[in-house]
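Structure data follow from my_file-v3.cif (mmCIF, C-alpha atoms):
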data_start
loop_
_atom_site.group_PDB
_atom_site.id
_atom_site.type_symbol
_atom_site.label_atom_id
_atom_site.label_comp_id
_atom_site.auth_asym_id
_atom_site.auth_seq_id
_atom_site.Cartn_x
_atom_site.Cartn_y
_atom_site.Cartn_z
ATOM 1 C CA MET A 1 22.114 1.831 -15.765
ATOM 2 C CA SER A 2 21.527 4.361 -18.515
ATOM 3 C CA GLY A 3 19.817 7.683 -18.977
ATOM 4 C CA PRO A 4 17.170 9.122 -21.315
ATOM 5 C CA ILE A 5 17.605 9.420 -25.062
ATOM 6 C CA PHE A 6 16.772 12.631 -26.940
ATOM 7 C CA ASN A 7 15.397 12.725 -30.470
ATOM 8 C CA LYS A 8 17.348 15.448 -32.251
ATOM 9 C CA ASP A 9 14.551 15.932 -34.790
ATOM 10 C CA LEU A 10 11.951 16.630 -32.081
ATOM 11 C CA CYS A 11 13.932 18.272 -29.255
ATOM 12 C CA VAL A 12 13.916 22.089 -29.330
ATOM 13 C CA GLY A 13 16.181 22.526 -26.322
ATOM 14 C CA CYS A 14 13.493 24.069 -24.096
ATOM 15 C CA GLY A 15 15.194 22.714 -20.962
ATOM 16 C CA LEU A 16 12.036 21.512 -19.219
ATOM 17 C CA CYS A 17 13.467 18.009 -18.818
ATOM 18 C CA ALA A 18 16.539 19.344 -17.032
ATOM 19 C CA SER A 19 14.434 21.553 -14.759
ATOM 20 C CA VAL A 20 12.467 18.585 -13.361
ATOM 21 C CA CYS A 21 15.378 16.144 -13.009
ATOM 22 C CA SER A 22 15.516 15.453 -9.271
ATOM 23 C CA MET A 23 19.071 14.079 -9.439
ATOM 24 C CA ILE A 24 20.310 17.028 -11.533
ATOM 25 C CA SER A 25 21.548 14.465 -14.044
ATOM 26 C CA LEU A 26 20.428 16.588 -16.992
ATOM 27 C CA LYS A 27 21.869 19.913 -18.045
ATOM 28 C CA ALA A 28 20.076 22.201 -20.482
ATOM 29 C CA LYS A 29 22.311 23.474 -23.310
ATOM 30 C CA GLY A 30 20.011 26.160 -24.674
ATOM 31 C CA LYS A 31 17.513 26.460 -27.486
ATOM 32 C CA GLY A 32 18.306 24.282 -30.468
ATOM 33 C CA ASN A 33 20.685 22.029 -28.508
ATOM 34 C CA LEU A 34 20.128 18.591 -27.007
ATOM 35 C CA PRO A 35 20.353 18.382 -23.182
ATOM 36 C CA GLU A 36 23.518 16.884 -21.752
ATOM 37 C CA MET A 37 23.380 13.776 -19.571
ATOM 38 C CA VAL A 38 25.808 14.720 -16.794
ATOM 39 C CA PHE A 39 25.416 11.767 -14.412
ATOM 40 C CA PRO A 40 23.886 8.852 -16.360
ATOM 41 C CA ASP A 41 24.778 6.360 -13.624
ATOM 42 C CA ILE A 42 22.397 7.943 -11.110
ATOM 43 C CA CYS A 43 19.305 8.247 -13.310
ATOM 44 C CA LEU A 44 16.327 7.151 -11.187
ATOM 45 C CA LYS A 45 14.208 6.231 -14.220
ATOM 46 C CA CYS A 46 11.403 8.291 -12.659
ATOM 47 C CA GLY A 47 10.089 9.371 -16.068
ATOM 48 C CA HIS A 48 9.804 13.069 -15.190
ATOM 49 C CA CYS A 49 11.772 14.144 -18.251
ATOM 50 C CA ILE A 50 9.556 12.065 -20.549
ATOM 51 C CA SER A 51 6.323 13.216 -18.922
ATOM 52 C CA VAL A 52 7.153 16.935 -19.093
ATOM 53 C CA CYS A 53 8.452 17.049 -22.677
ATOM 54 C CA PRO A 54 5.948 18.904 -24.929
ATOM 55 C CA ASN A 55 7.379 17.406 -28.139
ATOM 56 C CA ASN A 56 7.683 13.680 -27.294
ATOM 57 C CA ALA A 57 11.411 14.024 -27.812
ATOM 58 C CA VAL A 58 12.527 11.974 -24.799
ATOM 59 C CA SER A 59 12.567 8.212 -24.333
ATOM 60 C CA HIS A 60 14.354 5.777 -22.033
ATOM 61 C CA PRO A 61 15.724 2.354 -23.018
ATOM 62 C CA GLU A 62 14.893 0.861 -19.598
ATOM 63 C CA LEU A 63 11.291 2.062 -19.446
ATOM 64 C CA ASN A 64 8.222 0.750 -21.287
ATOM 65 C CA MET A 65 7.364 3.724 -23.456
ATOM 66 C CA SER A 66 3.913 2.320 -24.261
ATOM 67 C CA ASN A 67 2.940 3.047 -20.647
ATOM 68 C CA PHE A 68 3.563 6.765 -21.075
ATOM 69 C CA LYS A 69 0.038 7.828 -21.958
ATOM 70 C CA PRO A 70 -1.359 11.382 -22.248
ATOM 71 C CA ILE A 71 -2.843 12.726 -19.007
ATOM 72 C CA GLY A 72 -6.591 13.210 -19.318
ATOM 73 C CA GLN A 73 -9.067 15.226 -17.285
ATOM 74 C CA ILE A 74 -8.126 15.273 -13.606
ATOM 75 C CA PRO A 75 -11.063 15.198 -11.122
ATOM 76 C CA ASP A 76 -11.678 18.574 -9.516
ATOM 77 C CA SER A 77 -10.899 19.170 -5.848
ATOM 78 C CA GLY A 78 -14.527 18.632 -4.817
ATOM 79 C CA ALA A 79 -14.627 15.175 -6.417
ATOM 80 C CA VAL A 80 -11.296 14.196 -4.860
ATOM 81 C CA ARG A 81 -12.407 15.427 -1.448
ATOM 82 C CA MET A 82 -15.657 13.460 -1.724
ATOM 83 C CA LEU A 83 -13.756 10.295 -2.643
ATOM 84 C CA LEU A 84 -11.345 10.671 0.272
ATOM 85 C CA SER A 85 -14.001 11.769 2.788
ATOM 86 C CA THR A 86 -16.282 8.817 2.058
ATOM 87 C CA LYS A 87 -13.588 6.138 2.440
ATOM 88 C CA ARG A 88 -14.517 3.969 5.442
ATOM 89 C CA SER A 89 -12.890 0.945 7.041
ATOM 90 C CA VAL A 90 -15.137 -1.902 5.909
ATOM 91 C CA ARG A 91 -15.424 -4.893 8.233
ATOM 92 C CA GLU A 92 -18.463 -6.683 6.802
ATOM 93 C CA PHE A 93 -18.316 -8.184 3.339
ATOM 94 C CA LEU A 94 -20.714 -9.875 0.960
ATOM 95 C CA LYS A 95 -20.085 -13.551 0.304
ATOM 96 C CA LYS A 96 -18.920 -12.665 -3.170
ATOM 97 C CA PRO A 97 -15.422 -13.436 -4.443
ATOM 98 C CA LEU A 98 -13.185 -10.698 -5.795
ATOM 99 C CA GLU A 99 -12.176 -11.210 -9.402
ATOM 100 C CA LYS A 100 -8.439 -11.466 -10.047
ATOM 101 C CA GLU A 101 -8.701 -8.854 -12.800
ATOM 102 C CA VAL A 102 -10.216 -6.364 -10.349
ATOM 103 C CA ILE A 103 -7.416 -6.943 -7.831
ATOM 104 C CA GLU A 104 -4.814 -6.512 -10.563
ATOM 105 C CA GLU A 105 -6.344 -3.171 -11.538
ATOM 106 C CA ILE A 106 -6.216 -2.022 -7.910
ATOM 107 C CA ILE A 107 -2.572 -3.090 -7.527
ATOM 108 C CA THR A 108 -1.626 -1.403 -10.804
ATOM 109 C CA THR A 109 -2.864 1.921 -9.452
ATOM 110 C CA ALA A 110 -1.237 1.300 -6.062
ATOM 111 C CA CYS A 111 2.121 0.929 -7.799
ATOM 112 C CA MET A 112 1.883 4.568 -8.937
ATOM 113 C CA SER A 113 2.586 5.670 -5.352
ATOM 114 C CA SER A 114 5.837 7.397 -4.448
ATOM 115 C CA THR A 115 8.788 5.373 -3.164
ATOM 116 C CA ASP A 116 12.191 6.481 -1.940
ATOM 117 C CA MET A 117 14.583 7.151 -4.832
ATOM 118 C CA ASN A 118 11.912 5.659 -7.099
ATOM 119 C CA SER A 119 12.953 2.254 -5.740
ATOM 120 C CA GLN A 120 9.568 0.578 -6.415
ATOM 121 C CA LYS A 121 10.519 -2.394 -4.257
ATOM 122 C CA ASN A 122 7.109 -3.096 -2.748
ATOM 123 C CA ARG A 123 5.949 -6.674 -3.146
ATOM 124 C CA PHE A 124 2.366 -7.954 -2.925
ATOM 125 C CA ILE A 125 0.997 -11.225 -1.612
ATOM 126 C CA VAL A 126 -2.675 -11.901 -2.340
ATOM 127 C CA LEU A 127 -4.654 -14.588 -0.508
ATOM 128 C CA LEU A 128 -7.905 -15.673 -2.170
ATOM 129 C CA ASN A 129 -8.044 -19.258 -0.952
ATOM 130 C CA GLN A 130 -10.519 -19.215 1.940
ATOM 131 C CA ASP A 131 -9.008 -22.293 3.572
ATOM 132 C CA LYS A 132 -5.617 -20.582 3.622
ATOM 133 C CA ILE A 133 -7.111 -17.399 5.090
ATOM 134 C CA LYS A 134 -8.871 -19.397 7.835
ATOM 135 C CA GLU A 135 -5.717 -21.349 8.551
ATOM 136 C CA LEU A 136 -3.729 -18.138 8.924
ATOM 137 C CA GLU A 137 -6.411 -16.570 11.121
ATOM 138 C CA TYR A 138 -6.320 -19.594 13.414
ATOM 139 C CA ALA A 139 -2.544 -19.289 13.764
ATOM 140 C CA ILE A 140 -2.759 -15.555 14.557
ATOM 141 C CA VAL A 141 -5.417 -16.137 17.217
ATOM 142 C CA GLU A 142 -3.246 -18.869 18.724
ATOM 143 C CA GLY A 143 -0.530 -16.247 19.007
ATOM 144 C CA PHE A 144 -2.873 -14.002 20.985
ATOM 145 C CA LYS A 145 -3.724 -16.940 23.252
ATOM 146 C CA MET A 146 -0.038 -17.565 23.957
ATOM 147 C CA TYR A 147 0.466 -13.879 24.739
ATOM 148 C CA VAL A 148 -2.440 -13.760 27.204
ATOM 149 C CA LYS A 149 -1.302 -16.985 28.870
ATOM 150 C CA SER A 150 2.258 -15.748 29.299
ATOM 151 C CA VAL A 151 1.151 -12.438 30.811
ATOM 152 C CA LEU A 152 -1.358 -13.983 33.208
ATOM 153 C CA GLU A 153 1.163 -16.586 34.357
ATOM 154 C CA LEU A 154 3.348 -13.703 35.517
ATOM 155 C CA ASN A 155 0.371 -12.134 37.304
ATOM 156 C CA LYS A 156 1.140 -8.849 35.597
ATOM 157 C CA PHE A 157 -1.021 -6.390 33.692
ATOM 158 C CA ASP A 158 -4.002 -8.732 33.743
ATOM 159 C CA ASN A 159 -6.269 -5.686 33.329
ATOM 160 C CA SER A 160 -4.094 -3.918 30.801
ATOM 161 C CA PRO A 161 -5.704 -2.752 27.537
ATOM 162 C CA GLU A 162 -3.440 -5.117 25.594
ATOM 163 C CA VAL A 163 -4.647 -8.166 27.497
ATOM 164 C CA ILE A 164 -8.315 -7.131 27.394
ATOM 165 C CA PHE A 165 -8.020 -6.481 23.645
ATOM 166 C CA SER A 166 -6.388 -9.873 23.110
ATOM 167 C CA GLN A 167 -8.991 -11.667 25.237
ATOM 168 C CA ASN A 168 -11.790 -10.087 23.193
ATOM 169 C CA ILE A 169 -10.206 -11.393 20.001
ATOM 170 C CA ILE A 170 -10.046 -14.894 21.494
ATOM 171 C CA ILE A 171 -13.681 -14.736 22.661
ATOM 172 C CA GLN A 172 -14.893 -13.586 19.258
ATOM 173 C CA TYR A 173 -12.997 -16.363 17.542
ATOM 174 C CA ASN A 174 -14.205 -19.043 19.967
ATOM 175 C CA ASN A 175 -17.782 -17.888 19.305
ATOM 176 C CA GLY A 176 -17.385 -18.547 15.595
ATOM 177 C CA GLY A 177 -16.378 -15.034 14.575
ATOM 178 C CA SER A 178 -13.566 -13.868 12.328
ATOM 179 C CA PRO A 179 -11.907 -11.145 14.447
ATOM 180 C CA ILE A 180 -8.771 -10.914 12.311
ATOM 181 C CA PHE A 181 -9.805 -11.032 8.651
ATOM 182 C CA GLN A 182 -13.568 -10.533 9.150
ATOM 183 C CA ASN A 183 -14.560 -13.189 6.591
ATOM 184 C CA ALA A 184 -13.065 -11.102 3.791
ATOM 185 C CA PRO A 185 -12.799 -12.796 0.384
ATOM 186 C CA CYS A 186 -9.314 -11.354 -0.114
ATOM 187 C CA VAL A 187 -6.378 -10.602 2.173
ATOM 188 C CA LEU A 188 -3.459 -8.659 0.738
ATOM 189 C CA PHE A 189 -0.020 -8.074 2.252
ATOM 190 C CA ILE A 190 2.507 -5.443 1.178
ATOM 191 C CA CYS A 191 6.157 -6.325 1.742
ATOM 192 C CA GLY A 192 9.397 -4.432 1.338
ATOM 193 C CA PRO A 193 13.149 -4.695 2.013
ATOM 194 C CA LYS A 194 14.131 -5.249 5.637
ATOM 195 C CA GLN A 195 17.208 -3.028 5.583
ATOM 196 C CA ASN A 196 15.568 0.014 4.000
ATOM 197 C CA ILE A 197 14.447 2.601 6.580
ATOM 198 C CA PHE A 198 11.977 3.969 4.048
ATOM 199 C CA ALA A 199 10.310 0.606 3.375
ATOM 200 C CA PRO A 200 7.518 1.025 5.992
ATOM 201 C CA THR A 201 6.663 4.475 4.605
ATOM 202 C CA ASN A 202 6.721 3.151 1.043
ATOM 203 C CA ALA A 203 4.303 0.392 2.025
ATOM 204 C CA VAL A 204 1.931 2.763 3.815
ATOM 205 C CA MET A 205 1.904 5.124 0.812
ATOM 206 C CA THR A 206 1.122 2.209 -1.486
ATOM 207 C CA ASN A 207 -1.478 0.949 0.981
ATOM 208 C CA THR A 208 -3.234 4.338 0.779
ATOM 209 C CA TYR A 209 -3.274 4.386 -3.022
ATOM 210 C CA LEU A 210 -4.538 0.808 -3.044
ATOM 211 C CA THR A 211 -7.460 1.342 -0.663
ATOM 212 C CA ILE A 212 -8.538 4.598 -2.313
ATOM 213 C CA GLN A 213 -8.525 2.976 -5.757
ATOM 214 C CA ALA A 214 -10.542 0.082 -4.322
ATOM 215 C CA HIS A 215 -13.037 2.544 -2.814
ATOM 216 C CA SER A 216 -13.483 4.261 -6.187
ATOM 217 C CA MET A 217 -14.427 0.842 -7.634
ATOM 218 C CA GLY A 218 -16.994 0.079 -4.933
ATOM 219 C CA ILE A 219 -14.708 -2.295 -3.052
ATOM 220 C CA GLY A 220 -14.288 -2.031 0.719
ATOM 221 C CA SER A 221 -11.023 -2.397 2.573
ATOM 222 C CA CYS A 222 -9.596 -2.341 6.074
ATOM 223 C CA PHE A 223 -6.060 -2.122 7.436
ATOM 224 C CA ILE A 224 -5.540 -5.140 9.717
ATOM 225 C CA GLY A 225 -2.915 -4.168 12.262
ATOM 226 C CA ARG A 226 -3.730 -7.120 14.509
ATOM 227 C CA ALA A 227 -2.446 -9.447 11.793
ATOM 228 C CA LEU A 228 1.027 -7.949 12.142
ATOM 229 C CA TYR A 229 1.799 -8.876 15.740
ATOM 230 C CA ASN A 230 4.168 -11.628 14.597
ATOM 231 C CA THR A 231 5.559 -10.733 11.175
ATOM 232 C CA GLU A 232 8.279 -13.383 11.453
ATOM 233 C CA TYR A 233 5.624 -16.099 11.573
ATOM 234 C CA LEU A 234 3.717 -14.431 8.744
ATOM 235 C CA ALA A 235 6.834 -14.336 6.603
ATOM 236 C CA LYS A 236 7.369 -18.073 7.116
ATOM 237 C CA TYR A 237 3.726 -18.910 6.468
ATOM 238 C CA LEU A 238 3.627 -16.814 3.294
ATOM 239 C CA GLU A 239 7.059 -18.117 2.248
ATOM 240 C CA ILE A 240 8.586 -14.732 1.502
ATOM 241 C CA SER A 241 12.339 -14.333 1.106
ATOM 242 C CA GLU A 242 14.437 -13.511 4.145
ATOM 243 C CA ASP A 243 15.382 -10.051 2.836
ATOM 244 C CA LEU A 244 11.741 -8.905 2.924
ATOM 245 C CA ASP A 245 9.449 -7.934 5.761
ATOM 246 C CA ILE A 246 5.659 -7.479 5.877
ATOM 247 C CA TYR A 247 4.513 -3.930 6.575
ATOM 248 C CA THR A 248 0.779 -3.827 5.895
ATOM 249 C CA ALA A 249 -2.136 -6.258 5.845
ATOM 250 C CA ILE A 250 -5.392 -5.304 4.116
ATOM 251 C CA THR A 251 -8.740 -6.998 3.668
ATOM 252 C CA LEU A 252 -10.658 -6.411 0.432
ATOM 253 C CA GLY A 253 -14.198 -7.266 -0.581
ATOM 254 C CA TYR A 254 -17.579 -5.998 -1.658
ATOM 255 C CA PRO A 255 -19.152 -4.126 1.289
ATOM 256 C CA LYS A 256 -22.150 -5.670 3.022
ATOM 257 C CA VAL A 257 -23.437 -2.281 4.184
ATOM 258 C CA LYS A 258 -23.600 1.172 2.608
ATOM 259 C CA TYR A 259 -22.373 4.220 4.481
ATOM 260 C CA ARG A 260 -24.596 7.222 3.845
ATOM 261 C CA LYS A 261 -22.924 10.110 5.662
ATOM 262 C CA ILE A 262 -19.480 11.659 5.871
ATOM 263 C CA VAL A 263 -18.320 11.368 9.475
ATOM 264 C CA ASP A 264 -16.988 13.956 11.901
ATOM 265 C CA ARG A 265 -13.291 14.464 12.561
ATOM 266 C CA LYS A 266 -11.442 16.246 15.359
ATOM 267 C CA PRO A 267 -10.277 19.795 14.577
ATOM 268 C CA TYR A 268 -6.868 19.559 12.988
ATOM 269 C CA ASP A 269 -3.786 21.018 14.629
ATOM 270 C CA VAL A 270 -1.671 23.196 12.354
ATOM 271 C CA LYS A 271 1.310 25.355 13.176
ATOM 272 C CA TRP A 272 1.711 28.152 10.633
ATOM 273 C CA ILE A 273 5.189 29.614 10.362
#
This structure in structure tokens:
Amino acid sequence: MSGPIFNKDLCVGCGLCASVCSMISLKAKGKGNLPEMVFPDICLKCGHCISVCPNNAVSHPELNMSNFKPIGQIPDSGAVRMLLSTKRSVREFLKKPLEKEVIEEIITTACMSSTDMNSQKNRFIVLLNQDKIKELEYAIVEGFKMYVKSVLELNKFDNSPEVIFSQNIIIQYNNGGSPIFQNAPCVLFICGPKQNIFAPTNAVMTNTYLTIQAHSMGIGSCFIGRALYNTEYLAKYLEISEDLDIYTAITLGYPKVKYRKIVDRKPYDVKWI
């Protein structure tokens, strides 16, 4: 692992790079002097020092410098609020496939989300094959059937919300419905390391970026928690390595309906200190 490189002809020693280094690996040496790399072995390769430099004097041998592009006009707060406020969970999709290029653009933006220590260890699995999606949905519904059967055989909690919820899924499926993936043209899973306590949070953060980017492109999405009841089976079906676990499941597709109003939300609870 290495640290950033400073161009002596461009660096003026302003110290901005050192001020934003989260690992305190950089030390400013004053105007006219190059910064000192104090702890090169713990550089996170976050790119802060490169992004903040006003003179393009910083580079990093382990980062693709062509991806460091100037920041353009940022949407104002009203536009951002409108984008976030109009995001809905979409459960009805047009029978229109999602182009691979569109999905790649969405994932590219999702990968800009924060991760612990800039680990960037999220992994994506994208299902576009409708036969595979139907096959997986069948297996998940079978899991719900086994759960209901086991509970009822014990004569326990037969009126519990969990059982009623599971029975409704089974009924919908038996009636020709798609209660898990809702006939979506694309199902996407986000995976991460099993032994990392931050992995679920990393996945959820990435999930949020992904669905918001999709919304901005006119593509609907929905978090599918009911697909995650048996992640061990999912991992085997999707053939992911044993050191990974699945943390989110998302459907993507072009919405069948158009939402026309921002919805109500409960008053938020804030403690000011």
Selection result of the PyMOL selection byres ((chain A and resi 175-186) around 9) on this file, as a PDB file with C-alpha atoms, in the frame of the given file:
ATOM      1  CA  ARG A  91     -15.424  -4.893   8.233  1.00  0.00           C
ATOM      2  CA  GLU A  92     -18.463  -6.683   6.802  1.00  0.00           C
ATOM      3  CA  PHE A  93     -18.316  -8.184   3.339  1.00  0.00           C
ATOM      4  CA  LEU A  94     -20.714  -9.875   0.960  1.00  0.00           C
ATOM      5  CA  LYS A  95     -20.085 -13.551   0.304  1.00  0.00           C
ATOM      6  CA  LYS A  96     -18.920 -12.665  -3.170  1.00  0.00           C
ATOM      7  CA  PRO A  97     -15.422 -13.436  -4.443  1.00  0.00           C
ATOM      8  CA  LEU A  98     -13.185 -10.698  -5.795  1.00  0.00           C
ATOM      9  CA  VAL A 126      -2.675 -11.901  -2.340  1.00  0.00           C
ATOM     10  CA  LEU A 127      -4.654 -14.588  -0.508  1.00  0.00           C
ATOM     11  CA  LEU A 128      -7.905 -15.673  -2.170  1.00  0.00           C
ATOM     12  CA  ASN A 129      -8.044 -19.258  -0.952  1.00  0.00           C
ATOM     13  CA  GLN A 130     -10.519 -19.215   1.940  1.00  0.00           C
ATOM     14  CA  ILE A 133      -7.111 -17.399   5.090  1.00  0.00           C
ATOM     15  CA  LYS A 134      -8.871 -19.397   7.835  1.00  0.00           C
ATOM     16  CA  GLU A 137      -6.411 -16.570  11.121  1.00  0.00           C
ATOM     17  CA  ILE A 140      -2.759 -15.555  14.557  1.00  0.00           C
ATOM     18  CA  VAL A 141      -5.417 -16.137  17.217  1.00  0.00           C
ATOM     19  CA  ASN A 168     -11.790 -10.087  23.193  1.00  0.00           C
ATOM     20  CA  ILE A 169     -10.206 -11.393  20.001  1.00  0.00           C
ATOM     21  CA  ILE A 170     -10.046 -14.894  21.494  1.00  0.00           C
ATOM     22  CA  ILE A 171     -13.681 -14.736  22.661  1.00  0.00           C
ATOM     23  CA  GLN A 172     -14.893 -13.586  19.258  1.00  0.00           C
ATOM     24  CA  TYR A 173     -12.997 -16.363  17.542  1.00  0.00           C
ATOM     25  CA  ASN A 174     -14.205 -19.043  19.967  1.00  0.00           C
ATOM     26  CA  VAL A 187      -6.378 -10.602   2.173  1.00  0.00           C
ATOM     27  CA  LEU A 188      -3.459  -8.659   0.738  1.00  0.00           C
ATOM     28  CA  ILE A 224      -5.540  -5.140   9.717  1.00  0.00           C
ATOM     29  CA  GLY A 225      -2.915  -4.168  12.262  1.00  0.00           C
ATOM     30  CA  ARG A 226      -3.730  -7.120  14.509  1.00  0.00           C
ATOM     31  CA  ALA A 227      -2.446  -9.447  11.793  1.00  0.00           C
ATOM     32  CA  ILE A 250      -5.392  -5.304   4.116  1.00  0.00           C
ATOM     33  CA  THR A 251      -8.740  -6.998   3.668  1.00  0.00           C
ATOM     34  CA  LEU A 252     -10.658  -6.411   0.432  1.00  0.00           C
ATOM     35  CA  GLY A 253     -14.198  -7.266  -0.581  1.00  0.00           C
ATOM     36  CA  TYR A 254     -17.579  -5.998  -1.658  1.00  0.00           C
TER      37      TYR A 254
END
Which of A:Phe124, A:Leu238, A:Cys11, A:Ser166 sits closest to Thr108 in chain A [using only C-alpha atoms]: A:Phe124
Test item: the PyMOL selection byres ((chain A and resi 145-150) around 12) resolved as JSON, numbers by chain: {"A": [138, 139, 140, 141, 142, 143, 144, 151, 152, 153, 154, 155, 156, 157, 158, 159, 160, 161, 162, 163, 164, 165, 166, 167, 168, 169, 170, 171, 173, 174, 229, 230]}
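One finds CA of Ala203 in chain A at 10.0 Å from CA of Ala249 in chain A.
Between CA of Ser59 in chain A and CA of Ile5 in chain A the interatomic distance comes to 5.2 Å.
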Nearby residues (only C-alpha atoms) at most 12 Å from range 189-201 of chain A, same-chain spacing under 6 positions excluded, as a PyMOL selection string: chain A and resi 107+110-111+113-128+207-208+210+222-225+227-228+231-232+234-235+238-252
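Taking CA of Cys43 in chain A as the reference point, CA of Asn64 in chain A is found at 15.6 Å.
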The PyMOL selection byres ((chain A and resi 83) around 12) resolved against shown file, as an MDAnalysis selection string: chainID A and resid 75:82 84:88 211:218 262
Best match for closeness to Val90 in chain A among A:Ile50, A:Ile71, A:Val257, A:Ala28, counting only C-alpha atoms: A:Val257
Spatial neighbours of Asp9 in chain A, max dist 9 Å, only C-alpha atoms, sep filter under 3 positions, as number ranges by chain: A: 6, 12, 57
Protein, DNA and RNA residues within 9 Å of (19.7, 18.8, -26.3), all atoms listed in the file, as a PDB file with C-alpha atoms, in the frame of the given file:
ATOM      1  CA  PHE A   6      16.772  12.631 -26.940  1.00  0.00           C
ATOM      2  CA  ASN A   7      15.397  12.725 -30.470  1.00  0.00           C
ATOM      3  CA  LYS A   8      17.348  15.448 -32.251  1.00  0.00           C
ATOM      4  CA  CYS A  11      13.932  18.272 -29.255  1.00  0.00           C
ATOM      5  CA  VAL A  12      13.916  22.089 -29.330  1.00  0.00           C
ATOM      6  CA  GLY A  13      16.181  22.526 -26.322  1.00  0.00           C
ATOM      7  CA  CYS A  14      13.493  24.069 -24.096  1.00  0.00           C
ATOM      8  CA  GLY A  15      15.194  22.714 -20.962  1.00  0.00           C
ATOM      9  CA  LYS A  27      21.869  19.913 -18.045  1.00  0.00           C
ATOM     10  CA  ALA A  28      20.076  22.201 -20.482  1.00  0.00           C
ATOM     11  CA  LYS A  29      22.311  23.474 -23.310  1.00  0.00           C
ATOM     12  CA  GLY A  30      20.011  26.160 -24.674  1.00  0.00           C
ATOM     13  CA  LYS A  31      17.513  26.460 -27.486  1.00  0.00           C
ATOM     14  CA  GLY A  32      18.306  24.282 -30.468  1.00  0.00           C
ATOM     15  CA  ASN A  33      20.685  22.029 -28.508  1.00  0.00           C
ATOM     16  CA  LEU A  34      20.128  18.591 -27.007  1.00  0.00           C
ATOM     17  CA  PRO A  35      20.353  18.382 -23.182  1.00  0.00           C
ATOM     18  CA  GLU A  36      23.518  16.884 -21.752  1.00  0.00           C
TER      19      GLU A  36
END
